[in-house]
$ cat input12.cif   # mmCIF, C-alpha atoms
data_my_file
loop_
_atom_site.label_atom_id
_atom_site.label_comp_id
_atom_site.auth_asym_id
_atom_site.auth_seq_id
_atom_site.Cartn_x
_atom_site.Cartn_y
_atom_site.Cartn_z
CA MET R 72 28.46 -11.84 -18.24
CA SER R 73 25.08 -11.05 -16.80
CA LEU R 74 24.23 -7.79 -15.14
CA LEU R 75 24.17 -9.51 -11.77
CA ASP R 76 27.69 -10.87 -12.29
CA TYR R 77 28.84 -7.41 -13.17
CA PHE R 78 27.70 -6.02 -9.82
CA ARG R 79 29.11 -9.02 -7.99
CA SER R 80 32.52 -8.69 -9.55
CA THR R 81 32.75 -4.99 -8.75
CA LYS R 82 31.74 -5.73 -5.16
CA LYS R 83 34.39 -8.40 -4.78
CA LYS R 84 37.05 -5.98 -5.77
CA SER R 85 37.85 -3.74 -2.81
CA ALA R 86 39.58 -6.37 -0.66
CA SER R 87 41.65 -7.68 -3.55
CA THR R 88 42.51 -4.15 -4.65
CA ALA R 89 43.67 -3.51 -1.08
CA LYS R 90 45.81 -6.63 -1.16
CA GLU R 91 47.44 -5.75 -4.47
CA ARG R 92 48.20 -2.20 -3.40
CA LEU R 93 49.64 -3.39 -0.10
CA GLN R 94 51.84 -6.00 -1.74
CA ILE R 95 53.37 -3.36 -3.98
CA ILE R 96 53.94 -0.66 -1.36
CA VAL R 97 55.18 -3.08 1.29
CA ALA R 98 57.68 -4.66 -1.10
CA HIS R 99 58.85 -1.20 -2.12
CA GLU R 100 59.29 -0.05 1.47
CA ARG R 101 61.04 -3.25 2.54
CA ASN R 102 63.47 -2.86 -0.32
CA ARG R 103 64.21 0.69 0.76
CA ARG R 104 64.59 -0.36 4.40
CA SER R 105 67.10 -3.05 3.61
CA GLY R 106 69.21 -0.73 1.47
CA PRO R 107 71.85 1.69 2.74
CA ASP R 108 70.77 5.09 4.12
CA TYR R 109 72.21 7.00 1.18
CA LEU R 110 69.98 5.25 -1.39
CA PRO R 111 67.04 7.74 -1.29
CA GLN R 112 69.45 10.68 -1.63
CA LEU R 113 71.27 8.93 -4.46
CA GLU R 114 67.92 8.39 -6.17
CA ARG R 115 67.05 12.09 -5.84
CA ASP R 116 70.44 13.17 -7.16
CA ILE R 117 70.23 10.88 -10.18
CA LEU R 118 66.73 12.15 -10.86
CA GLU R 119 68.02 15.74 -10.76
CA VAL R 120 70.74 14.97 -13.28
CA ILE R 121 68.37 13.24 -15.70
CA ARG R 122 65.85 16.04 -15.34
CA LYS R 123 68.40 18.49 -16.69
CA TYR R 124 67.97 16.77 -20.03
CA VAL R 125 64.60 15.02 -20.00
CA ASP R 126 61.49 15.93 -18.09
CA ILE R 127 60.47 12.80 -16.20
CA PRO R 128 58.21 12.45 -13.18
CA ALA R 129 59.69 11.31 -9.87
CA ASP R 130 57.94 7.94 -9.85
CA GLN R 131 59.52 6.94 -13.15
CA ILE R 132 62.84 6.20 -11.56
CA SER R 133 63.80 3.44 -9.17
CA VAL R 134 67.14 2.66 -7.65
CA SER R 135 67.84 -0.54 -5.79
CA LEU R 136 70.89 -2.20 -4.39
CA GLU R 137 70.92 -5.95 -4.51
CA GLN R 138 73.37 -8.04 -2.58
CA ARG R 139 74.19 -10.89 -4.93
CA SER R 140 76.90 -12.46 -2.81
CA ASP R 141 79.39 -11.43 -0.13
CA GLU R 142 81.65 -9.69 -2.60
CA LEU R 143 79.14 -8.50 -5.15
CA SER R 144 76.37 -5.92 -4.86
CA VAL R 145 74.50 -4.70 -7.92
CA LEU R 146 73.14 -1.19 -8.15
CA GLU R 147 70.10 -1.33 -10.38
CA LEU R 148 68.79 1.85 -11.97
CA ASN R 149 65.48 1.88 -13.76
CA VAL R 150 64.33 4.97 -15.60
CA SER R 151 61.23 5.07 -17.77
CA PHE R 152 61.48 7.81 -20.36
CA PRO R 153 58.29 9.53 -21.48
CA ASP R 154 56.85 8.61 -24.87
CA GLU R 155 58.54 10.90 -27.43
CA LYS R 156 55.52 11.05 -29.70
CA ARG R 157 53.35 12.75 -27.10
CA MET H 1128 63.49 -15.83 33.50
CA ALA H 1129 60.83 -13.27 32.84
CA LYS H 1130 59.59 -12.94 29.29
CA ILE H 1131 59.21 -9.40 27.97
CA ILE H 1132 56.45 -9.10 25.37
CA VAL H 1133 55.73 -5.83 23.56
CA VAL H 1134 52.24 -5.18 22.22
CA THR H 1135 52.75 -2.84 19.30
CA SER H 1136 51.26 -1.78 15.97
CA GLY H 1137 52.54 1.47 14.56
CA LYS H 1138 49.05 2.69 13.82
CA GLY H 1139 46.87 4.07 16.61
CA GLY H 1140 43.42 2.85 17.53
CA VAL H 1141 43.85 -0.74 16.37
CA GLY H 1142 43.50 -2.25 19.84
CA LYS H 1143 46.93 -2.27 21.49
CA THR H 1144 45.73 -1.33 24.96
CA THR H 1145 42.63 -3.53 24.74
CA SER H 1146 44.87 -6.42 23.67
CA SER H 1147 47.49 -5.72 26.36
CA ALA H 1148 44.78 -5.73 29.02
CA ALA H 1149 43.10 -8.85 27.62
CA ILE H 1150 46.30 -10.85 27.11
CA GLY H 1151 47.78 -9.78 30.45
CA THR H 1152 44.60 -10.80 32.23
CA GLY H 1153 44.55 -14.11 30.36
CA LEU H 1154 48.16 -14.89 31.32
CA ALA H 1155 47.38 -14.15 34.98
CA LEU H 1156 44.22 -16.27 34.80
CA SER H 1157 46.42 -19.14 33.58
CA GLY H 1158 48.44 -18.80 36.78
CA HIS H 1159 51.39 -16.76 35.49
CA LYS H 1160 52.46 -13.74 37.48
CA THR H 1161 52.09 -10.88 35.01
CA VAL H 1162 52.64 -7.13 34.96
CA ILE H 1163 51.33 -4.85 32.22
CA VAL H 1164 53.46 -1.73 31.72
CA ASP H 1165 51.92 1.33 30.08
CA PHE H 1166 54.56 2.97 27.87
CA ASP H 1167 52.22 5.65 26.55
CA ILE H 1168 53.70 8.54 28.52
CA GLY H 1169 51.42 11.55 28.52
CA LEU H 1170 48.41 9.62 27.23
CA ARG H 1171 47.91 6.90 29.79
CA ASN H 1172 44.87 4.74 29.17
CA LEU H 1173 45.70 1.25 30.33
CA ASP H 1174 44.48 2.19 33.83
CA LEU H 1175 41.09 3.12 32.40
CA ILE H 1176 40.75 -0.08 30.34
CA MET H 1177 41.76 -2.11 33.40
CA GLY H 1178 39.35 -0.19 35.63
CA CYS H 1179 41.98 0.97 38.12
CA GLU H 1180 42.16 4.64 37.12
CA ARG H 1181 41.28 5.87 40.58
CA ARG H 1182 43.95 3.80 42.26
CA VAL H 1183 46.92 5.40 40.47
CA VAL H 1184 49.21 7.12 42.98
CA TYR H 1185 52.67 6.92 41.48
CA ASP H 1186 53.71 6.10 37.91
CA PHE H 1187 56.46 4.69 35.69
CA VAL H 1188 58.35 8.00 35.53
CA ASN H 1189 58.24 8.39 39.32
CA VAL H 1190 59.95 5.01 39.60
CA ILE H 1191 62.59 5.91 37.01
CA ASN H 1192 63.31 9.19 38.81
CA GLY H 1193 63.55 7.43 42.16
CA GLU H 1194 60.56 9.33 43.59
CA ALA H 1195 58.74 6.09 44.41
CA ASN H 1196 59.64 2.42 44.48
CA LEU H 1197 57.98 -0.33 42.46
CA LYS H 1198 56.09 -1.70 45.43
CA GLN H 1199 54.39 1.65 45.98
CA THR H 1200 53.67 2.10 42.29
CA LEU H 1201 52.41 -1.26 41.06
CA ILE H 1202 48.63 -1.61 41.17
CA LYS H 1203 47.41 -5.07 42.07
CA ASP H 1204 44.31 -6.17 40.18
CA LYS H 1205 41.37 -6.81 42.48
CA ARG H 1206 39.71 -9.44 40.29
CA VAL H 1207 42.59 -11.62 39.16
CA ASP H 1208 45.46 -12.95 41.25
CA ASN H 1209 48.98 -12.56 39.88
CA LEU H 1210 48.06 -9.47 37.84
CA PHE H 1211 49.66 -6.05 38.26
CA ILE H 1212 49.68 -2.76 36.35
CA LEU H 1213 52.45 -0.21 36.09
CA PRO H 1214 50.73 3.01 34.97
CA ALA H 1215 52.25 5.59 32.65
CA SER H 1216 52.62 9.16 33.82
CA GLN H 1217 50.03 11.65 32.67
CA THR H 1218 51.79 15.00 32.83
CA ARG H 1219 55.50 14.54 32.23
CA ASP H 1220 57.14 15.02 28.89
CA LYS H 1221 57.74 12.12 26.54
CA ASP H 1222 61.51 12.16 26.97
CA ALA H 1223 61.13 11.12 30.59
CA LEU H 1224 61.79 7.49 29.64
CA THR H 1225 65.51 6.90 29.34
CA LYS H 1226 66.95 3.64 28.12
CA GLU H 1227 68.88 3.23 31.36
CA GLY H 1228 65.81 4.04 33.47
CA VAL H 1229 63.56 1.62 31.59
CA GLU H 1230 66.20 -1.09 31.73
CA LYS H 1231 66.50 -0.67 35.50
CA VAL H 1232 62.75 -0.94 36.02
CA LEU H 1233 62.37 -3.95 33.70
CA HIS H 1234 65.31 -5.64 35.41
CA GLU H 1235 63.65 -5.11 38.77
CA LEU H 1236 60.29 -6.43 37.47
CA ALA H 1237 61.97 -9.47 35.93
CA LYS H 1238 62.96 -10.69 39.40
CA ASP H 1239 59.34 -10.94 40.42
CA PHE H 1240 57.27 -11.62 37.32
CA GLU H 1241 56.98 -14.34 34.68
CA PHE H 1242 55.57 -12.05 32.02
CA ILE H 1243 56.18 -8.35 31.45
CA LEU H 1244 53.75 -6.98 28.88
CA CYS H 1245 54.76 -3.63 27.39
CA ASP H 1246 51.80 -1.67 26.02
CA SER H 1247 53.37 0.49 23.31
CA PRO H 1248 52.17 3.94 22.28
CA ALA H 1249 51.23 4.42 18.62
CA GLY H 1250 53.73 5.78 16.12
CA ILE H 1251 57.44 5.16 15.68
CA GLU H 1252 58.70 7.86 18.04
CA ALA H 1253 60.86 7.44 21.14
CA GLY H 1254 58.08 5.98 23.31
CA ALA H 1255 57.27 3.19 20.86
CA MET H 1256 60.97 2.47 20.33
CA MET H 1257 61.48 2.25 24.09
CA ALA H 1258 58.56 -0.17 24.46
CA LEU H 1259 60.02 -2.59 21.92
CA TYR H 1260 63.73 -2.15 22.67
CA PHE H 1261 64.02 -4.77 25.43
CA ALA H 1262 61.42 -7.21 24.09
CA ASP H 1263 61.87 -10.96 23.70
CA GLU H 1264 58.61 -11.35 21.81
CA ALA H 1265 56.27 -8.97 20.00
CA VAL H 1266 52.52 -9.10 19.45
CA VAL H 1267 51.85 -6.98 16.38
CA VAL H 1268 48.24 -5.83 16.54
CA THR H 1269 46.80 -5.29 13.08
CA ASN H 1270 43.38 -4.45 11.66
CA PRO H 1271 42.44 -5.92 8.26
CA GLU H 1272 42.79 -2.50 6.66
CA VAL H 1273 45.48 -1.02 4.39
CA SER H 1274 47.02 1.63 6.64
CA SER H 1275 47.21 -0.68 9.63
CA VAL H 1276 48.89 -3.46 7.62
CA ARG H 1277 51.42 -1.06 6.15
CA ASP H 1278 52.27 0.41 9.58
CA SER H 1279 52.59 -3.09 11.03
CA ASP H 1280 55.14 -3.88 8.36
CA ARG H 1281 57.12 -0.79 9.33
CA ILE H 1282 57.05 -1.84 12.97
CA LEU H 1283 58.30 -5.30 11.94
CA GLY H 1284 61.24 -3.52 10.33
CA MET H 1285 61.89 -1.67 13.59
CA LEU H 1286 61.69 -4.88 15.61
CA SER H 1287 64.35 -6.49 13.48
CA SER H 1288 66.72 -3.51 13.40
CA LYS H 1289 66.16 -1.22 16.39
CA SER H 1290 65.77 -3.64 19.28
CA ARG H 1291 68.42 -4.59 21.81
CA ARG H 1292 68.43 -8.12 20.45
CA ALA H 1293 69.18 -6.74 16.97
CA GLU H 1294 71.90 -4.42 18.26
CA ARG H 1295 73.57 -7.21 20.18
CA GLY H 1296 73.21 -9.69 17.32
CA GLU H 1297 71.17 -12.06 19.50
CA ASP H 1298 68.25 -14.20 18.34
CA ALA H 1299 65.59 -12.03 16.73
CA ILE H 1300 62.45 -10.96 18.58
CA LYS H 1301 59.78 -13.63 18.16
CA GLU H 1302 57.00 -11.94 16.20
CA HIS H 1303 53.30 -12.76 16.42
CA LEU H 1304 50.46 -11.40 14.32
CA LEU H 1305 47.27 -10.53 16.19
CA LEU H 1306 44.45 -9.59 13.86
CA THR H 1307 41.74 -7.55 15.59
CA ARG H 1308 38.36 -6.16 14.57
CA TYR H 1309 37.94 -9.02 12.13
CA ASN H 1310 34.58 -9.17 10.44
CA PRO H 1311 34.04 -12.54 8.67
CA GLU H 1312 30.87 -11.32 6.97
CA ARG H 1313 32.67 -8.48 5.23
CA VAL H 1314 35.55 -10.81 4.36
CA ALA H 1315 33.06 -13.20 2.74
CA LYS H 1316 31.69 -10.31 0.69
CA GLY H 1317 35.18 -9.37 -0.45
CA GLU H 1318 35.03 -6.07 1.37
CA MET H 1319 37.72 -6.81 3.93
CA LEU H 1320 41.20 -8.31 3.77
CA SER H 1321 41.13 -11.91 4.95
CA VAL H 1322 43.38 -13.53 7.55
CA GLU H 1323 45.26 -15.21 4.70
CA ASP H 1324 45.71 -11.91 2.84
CA VAL H 1325 47.22 -10.15 5.84
CA GLN H 1326 49.39 -13.14 6.70
CA GLU H 1327 50.66 -13.34 3.15
CA ILE H 1328 51.69 -9.69 3.19
CA LEU H 1329 53.25 -9.53 6.64
CA ALA H 1330 54.64 -13.08 6.59
CA ILE H 1331 54.75 -13.68 10.33
CA PRO H 1332 53.01 -16.42 12.34
CA LEU H 1333 49.43 -15.81 13.43
CA ILE H 1334 48.81 -15.84 17.21
CA GLY H 1335 45.15 -14.86 17.19
CA VAL H 1336 42.14 -13.41 15.38
CA ILE H 1337 39.77 -11.29 17.43
CA PRO H 1338 36.36 -10.77 15.84
CA GLU H 1339 34.87 -7.30 15.77
CA SER H 1340 32.58 -7.50 18.76
CA GLN H 1341 30.26 -5.41 20.87
CA ALA H 1342 31.86 -7.10 23.87
CA VAL H 1343 35.06 -5.06 23.40
CA LEU H 1344 33.33 -1.69 23.81
CA ASN H 1345 31.20 -3.05 26.64
CA ALA H 1346 34.37 -4.20 28.37
CA SER H 1347 36.15 -0.86 28.03
CA ASN H 1348 33.02 1.04 29.07
CA SER H 1349 33.04 -0.79 32.36
CA GLY H 1350 36.81 -1.09 32.86
CA GLN H 1351 36.82 -4.88 32.62
CA PRO H 1352 39.42 -6.57 30.44
CA VAL H 1353 37.40 -8.39 27.76
CA THR H 1354 38.99 -11.72 28.75
CA LEU H 1355 36.85 -11.66 31.89
CA ASP H 1356 33.74 -11.74 29.68
CA GLN H 1357 34.25 -15.41 28.95
CA ASP H 1358 30.90 -15.84 27.24
CA SER H 1359 31.81 -13.33 24.56
CA ASP H 1360 33.41 -14.21 21.23
CA ALA H 1361 36.19 -11.64 21.71
CA GLY H 1362 36.90 -12.86 25.25
CA GLN H 1363 37.20 -16.45 24.04
CA ALA H 1364 39.36 -15.43 21.09
CA TYR H 1365 41.75 -13.63 23.47
CA LEU H 1366 41.89 -16.69 25.75
CA ASP H 1367 42.78 -18.82 22.71
CA THR H 1368 45.48 -16.28 21.87
CA VAL H 1369 46.93 -16.49 25.38
CA SER H 1370 46.94 -20.26 25.21
CA ARG H 1371 48.91 -20.11 21.93
CA LEU H 1372 51.35 -17.63 23.50
CA LEU H 1373 51.94 -20.23 26.19
CA GLY H 1374 52.87 -22.74 23.50
CA ASN H 1375 49.63 -24.67 23.07
CA THR H 1376 48.07 -25.52 19.72
CA VAL H 1377 44.54 -24.16 19.56
CA ASP H 1378 42.23 -24.18 16.55
CA PHE H 1379 41.24 -20.76 15.25
CA ARG H 1380 37.63 -19.78 15.83
CA PHE H 1381 35.34 -16.98 14.65
CA LEU H 1382 36.91 -16.92 11.17
CA THR H 1383 33.79 -17.74 9.20
CA VAL H 1384 30.28 -16.40 9.04
CA GLU H 1385 27.99 -18.03 11.54
CA LYS H 1386 25.08 -19.58 9.71
CA LYS H 1387 21.86 -18.26 11.13
CA GLY H 1388 18.90 -20.57 11.54
CA LEU H 1389 15.47 -19.60 10.34
CA LEU H 1390 14.27 -18.64 13.83
CA LYS H 1391 17.33 -16.49 14.43
CA ARG H 1392 16.77 -14.77 11.14
CA ILE H 1393 13.22 -13.94 12.06
CA PHE H 1394 13.65 -13.04 15.69
CA GLY H 1395 17.29 -11.88 15.61
CA GLY H 1396 19.97 -12.87 18.07
#

$ encode --input "input12.cif" --output "structure tokens"
Amino acid sequence: MSLLDYFRSTKKKSASTAKERLQIIVAHERNRRSGPDYLPQLERDILEVIRKYVDIPADQISVSLEQRSDELSVLELNVSFPDEKR
Amino acid sequence: MAKIIVVTSGKGGVGKTTSSAAIGTGLALSGHKTVIVDFDIGLRNLDLIMGCERRVVYDFVNVINGEANLKQTLIKDKRVDNLFILPASQTRDKDALTKEGVEKVLHELAKDFEFILCDSPAGIEAGAMMALYFADEAVVVTNPEVSSVRDSDRILGMLSSKSRRAERGEDAIKEHLLLTRYNPERVAKGEMLSVEDVQEILAIPLIGVIPESQAVLNASNSGQPVTLDQDSDAGQAYLDTVSRLLGNTVDFRFLTVEKKGLLKRIFGG
């Protein structure tokens, strides 16, 4: 890659960075909007419980409720634990 | 049947009032009797953009409180037939708009007008909710910029859950994306979100793209809706938008960088 290309590629970036960031935050907020009102509180409570045992930052947990069919909803809980070695 | 269209955005300063004035004027120019209602209680500005600020006697809240009737309150545009403005109040508190009061006024307007354009205040507070509550269609004004796109998405959520149509389980509000302050040169350089980017994120049909233009500030400086400046790029883009709102298929213009000839490059223009 030439020096010129290097400058070009960094210049190209801001609009695509904006798009990527927007796609993530908008999807996140839509998910939250479509869920029940208690979901954010549930997420905070679960985080509190886990924090009693392991110190994890708030953005390392995500709770979502997915409506699979009329009778079945799945509550999905994702927690990333910190690397033990560190 | 009158059609109620809300012009909304969430974020402030993206061009809601400019767009309300321009679209309302365009609808009236096309022969449709149109009223533009300023919902921004306390911060009225539509009158200034429309150039009728010195003709305001009564306002929206006066009508709701029964202190004046619609006939006394509506301001008839002096340039365009079929065009009227219902100004917001300047001094009253924001809670002056009640759902019942607004419904009564809109019902009254619907007897007389083909289009009722509701110019929403910024934000997601009571005023903005009131502006969108009774809408049949929504023009979501968005700038190609992260905070504006995100706020537009929030407003789309409100439109589909907090409107009367949503509460009654009727057909959803018809949503339109209006991209304003679009700068094709910056898009070409990768410095600005493109039409396609914004459309992909918000996923609603595009009704218009208004290029960033000196004509818009010139228009507001002189209190002329930009649609009346028919030689300008922004004026033409708004007329295209109005035509699409009326159901016509119109090609999109002003999306790409205009190639400048050698003479233009040397002498400008």

$ atom_distance --input "input12.cif" --atom1 "atom CA of Val1184 of chain H" --atom2 "atom CA of Val1162 of chain H"
16.7 Å

$ residues_around --input "input12.cif" --residues "Asn1172 of chain H" --least-positions-apart "6" --cutoff "9 Å" --atoms "only C-alpha atoms" --output "compact mmCIF listing (two decimals) with C-alpha atoms, in the frame of the given file"
# COMPACT_ATOMS: atom_id res chain seq x y z
CA THR H 1144 45.73 -1.33 24.96
CA ASP H 1165 51.92 1.33 30.08
CA GLU H 1180 42.16 4.64 37.12
CA PRO H 1214 50.73 3.01 34.97
CA ALA H 1215 52.25 5.59 32.65

$ closest_atom_pairs --input "input12.cif" --of "chain R" --to "chain H" --cutoff "12 Å" --atoms "only C-alpha atoms" --output "tab-separated table"
residue	atom	partner	partner_atom	distance
R:Arg79	CA	H:Lys1316	CA	9.1
R:Ser80	CA	H:Gly1317	CA	9.5
R:Thr81	CA	H:Gly1317	CA	9.7
R:Lys82	CA	H:Gly1317	CA	6.9
R:Lys83	CA	H:Gly1317	CA	4.5
R:Lys84	CA	H:Gly1317	CA	6.6
R:Ser85	CA	H:Glu1318	CA	5.6
R:Ala86	CA	H:Met1319	CA	5.0
R:Ser87	CA	H:Leu1320	CA	7.4
R:Thr88	CA	H:Leu1320	CA	9.5
R:Ala89	CA	H:Val1273	CA	6.3
R:Lys90	CA	H:Asp1324	CA	6.6
R:Glu91	CA	H:Ile1328	CA	9.6
R:Arg92	CA	H:Val1273	CA	8.3
R:Leu93	CA	H:Val1273	CA	6.6
R:Gln94	CA	H:Ile1328	CA	6.2
R:Ile95	CA	H:Ile1328	CA	9.7
R:Ile96	CA	H:Arg1277	CA	7.9
R:Val97	CA	H:Arg1277	CA	6.5
R:Ala98	CA	H:Ile1328	CA	8.9
R:His99	CA	H:Arg1277	CA	11.1
R:Glu100	CA	H:Arg1281	CA	8.2
R:Arg101	CA	H:Gly1284	CA	7.8
R:Asn102	CA	H:Gly1284	CA	10.9
R:Arg103	CA	H:Gly1284	CA	10.9
R:Arg104	CA	H:Gly1284	CA	7.5
R:Ser105	CA	H:Gly1284	CA	8.9

$ resolve_selection --input "input12.cif" --expression "the PyMOL selection byres ((chain H and resi 1148-1156) around 6)" --output "PyMOL selection string"
chain H and resi 1145-1147+1157-1161+1209-1210+1352-1354+1366+1369

$ residues_around --input "input12.cif" --residues "segment 116-129 of chain R" --least-positions-apart "6" --cutoff "9 Å" --atoms "all atoms listed in the file" --output "ChimeraX atom specification"
/R:150-153

$ resolve_selection --input "input12.cif" --expression "the PyMOL selection byres ((chain H and resi 1266) around 10)" --output "number ranges by chain"
H: 1132-1136, 1143, 1146-1147, 1244-1246, 1264-1265, 1267-1269, 1301-1306, 1333-1335, 1372

$ atom_distance --input "input12.cif" --atom1 "atom CA of Phe1381 of chain H" --atom2 "atom CA of Gly1137 of chain H"
25.2 Å

$ resolve_selection --input "input12.cif" --expression "the PyMOL selection byres ((chain H and resi 1229-1233) around 10)" --output "PDB file with C-alpha atoms, in the frame of the given file"
ATOM      1  CA  ALA H1129      60.830 -13.270  32.840  1.00  0.00           C
ATOM      2  CA  ILE H1131      59.210  -9.400  27.970  1.00  0.00           C
ATOM      3  CA  VAL H1164      53.460  -1.730  31.720  1.00  0.00           C
ATOM      4  CA  PHE H1166      54.560   2.970  27.870  1.00  0.00           C
ATOM      5  CA  PHE H1187      56.460   4.690  35.690  1.00  0.00           C
ATOM      6  CA  VAL H1188      58.350   8.000  35.530  1.00  0.00           C
ATOM      7  CA  VAL H1190      59.950   5.010  39.600  1.00  0.00           C
ATOM      8  CA  ILE H1191      62.590   5.910  37.010  1.00  0.00           C
ATOM      9  CA  ASN H1196      59.640   2.420  44.480  1.00  0.00           C
ATOM     10  CA  LEU H1197      57.980  -0.330  42.460  1.00  0.00           C
ATOM     11  CA  ALA H1223      61.130  11.120  30.590  1.00  0.00           C
ATOM     12  CA  LEU H1224      61.790   7.490  29.640  1.00  0.00           C
ATOM     13  CA  THR H1225      65.510   6.900  29.340  1.00  0.00           C
ATOM     14  CA  LYS H1226      66.950   3.640  28.120  1.00  0.00           C
ATOM     15  CA  GLU H1227      68.880   3.230  31.360  1.00  0.00           C
ATOM     16  CA  GLY H1228      65.810   4.040  33.470  1.00  0.00           C
ATOM     17  CA  HIS H1234      65.310  -5.640  35.410  1.00  0.00           C
ATOM     18  CA  GLU H1235      63.650  -5.110  38.770  1.00  0.00           C
ATOM     19  CA  LEU H1236      60.290  -6.430  37.470  1.00  0.00           C
ATOM     20  CA  ALA H1237      61.970  -9.470  35.930  1.00  0.00           C
ATOM     21  CA  LYS H1238      62.960 -10.690  39.400  1.00  0.00           C
ATOM     22  CA  PHE H1240      57.270 -11.620  37.320  1.00  0.00           C
ATOM     23  CA  ILE H1243      56.180  -8.350  31.450  1.00  0.00           C
ATOM     24  CA  CYS H1245      54.760  -3.630  27.390  1.00  0.00           C
ATOM     25  CA  MET H1257      61.480   2.250  24.090  1.00  0.00           C
ATOM     26  CA  ALA H1258      58.560  -0.170  24.460  1.00  0.00           C
ATOM     27  CA  TYR H1260      63.730  -2.150  22.670  1.00  0.00           C
ATOM     28  CA  PHE H1261      64.020  -4.770  25.430  1.00  0.00           C
TER      29      PHE H1261
END

$ residues_around --input "input12.cif" --residues "Leu110 of chain R" --least-positions-apart "4" --cutoff "8 Å" --atoms "only C-alpha atoms" --output "NGL selection string"
:R and (103 or 106 or 114 or 134-135)

$ residues_around --input "input12.cif" --residues "Gln1363 of chain H" --least-positions-apart "3" --cutoff "9 Å" --atoms "only C-alpha atoms" --output "compact mmCIF listing (two decimals) with C-alpha atoms, in the coordinates of the input"
# COMPACT_ATOMS: atom_id res chain seq x y z
CA ILE H 1337 39.77 -11.29 17.43
CA VAL H 1353 37.40 -8.39 27.76
CA THR H 1354 38.99 -11.72 28.75
CA ASP H 1356 33.74 -11.74 29.68
CA GLN H 1357 34.25 -15.41 28.95
CA ASP H 1358 30.90 -15.84 27.24
CA SER H 1359 31.81 -13.33 24.56
CA ASP H 1360 33.41 -14.21 21.23
CA LEU H 1366 41.89 -16.69 25.75
CA ASP H 1367 42.78 -18.82 22.71
CA THR H 1368 45.48 -16.28 21.87
CA ARG H 1380 37.63 -19.78 15.83

$ atom_distance --input "input12.cif" --atom1 "atom CA of Glu1312 of chain H" --atom2 "atom CA of Gly1350 of chain H"
28.5 Å

$ residues_around --input "input12.cif" --residues "Asn149 of chain R" --least-positions-apart "3" --cutoff "8 Å" --atoms "all atoms listed in the file" --output "list in words"
Gln131, Ile132, Ser133 and Val134 of chain R

$ closest_residue --input "input12.cif" --among "H:Gln1217, H:Gly1193, H:Arg1295, H:Asp1204" --to "Met1177 of chain H" --atoms "all atoms listed in the file"
H:Asp1204
